[in-house]
Amino acid sequence: MPIKDLETRFEQAVELANSMTQSSLPQDVQLRLYALYKQSTHGTITNRIYPIYDLRNAFKMNAWMQISHLSEDECKELYIEAIHSLVNKK
């Protein structure tokens with residue numbers, strides 16, 4: 001699949017995600033989406049760039065670190081699948 005097509009589908013999934021409310025999603029789903037989005041848009045996390053100041057950020061960084069072995073494109077595909085799965089449940 002062409003990169004542009006993946007980018008377009010990813011951007012559409014991000015728009016769908018932005019229309020969702022946090023309260024409608026379980027926290028584990030929110031963390032997974034956060035990690036997939038960050039890995040897709042920023043690449044692998046480095047501890048030097050993202051200091052952990054509180055428990056909330058620690059959970060977010062941990063979720064991101066857990067998927068750091070995946071490529072940006074793999075994460076985009078997983079993010080798209082996750083968003084469409086959530087939309088189809090409604």
# chains A, B, ... in the order shown; residues from 1 in each chain; ligands from 1
$ select_by_dssp --residues "chain A" --states "alpha helix (DSSP H)" --output "PyMOL selection string"
chain A and resi 3-18+27-42+55-66+72-89
$ residues_around --residues "stretch 19-32 of chain A" --least-positions-apart "5" --cutoff "9 Å" --atoms "only C-alpha atoms" --output "count of residues only"
9
$ closest_residue --among "A:Asp73, A:Met65, A:Ala58, A:Tyr53" --to "A:Glu7" --atoms "only C-alpha atoms"
A:Asp73
$ closest_residue --among "A:Ala17, A:Val87, A:Glu11, A:Lys76" --to "A:Gly43" --atoms "only C-alpha atoms"
A:Lys76
$ atom_distance --atom1 "atom CA of A:Leu36" --atom2 "atom CA of A:Leu78"
7.2 Å
$ atom_distance --atom1 "atom CA of A:Lys89" --atom2 "atom CA of A:Gln39"
24.9 Å
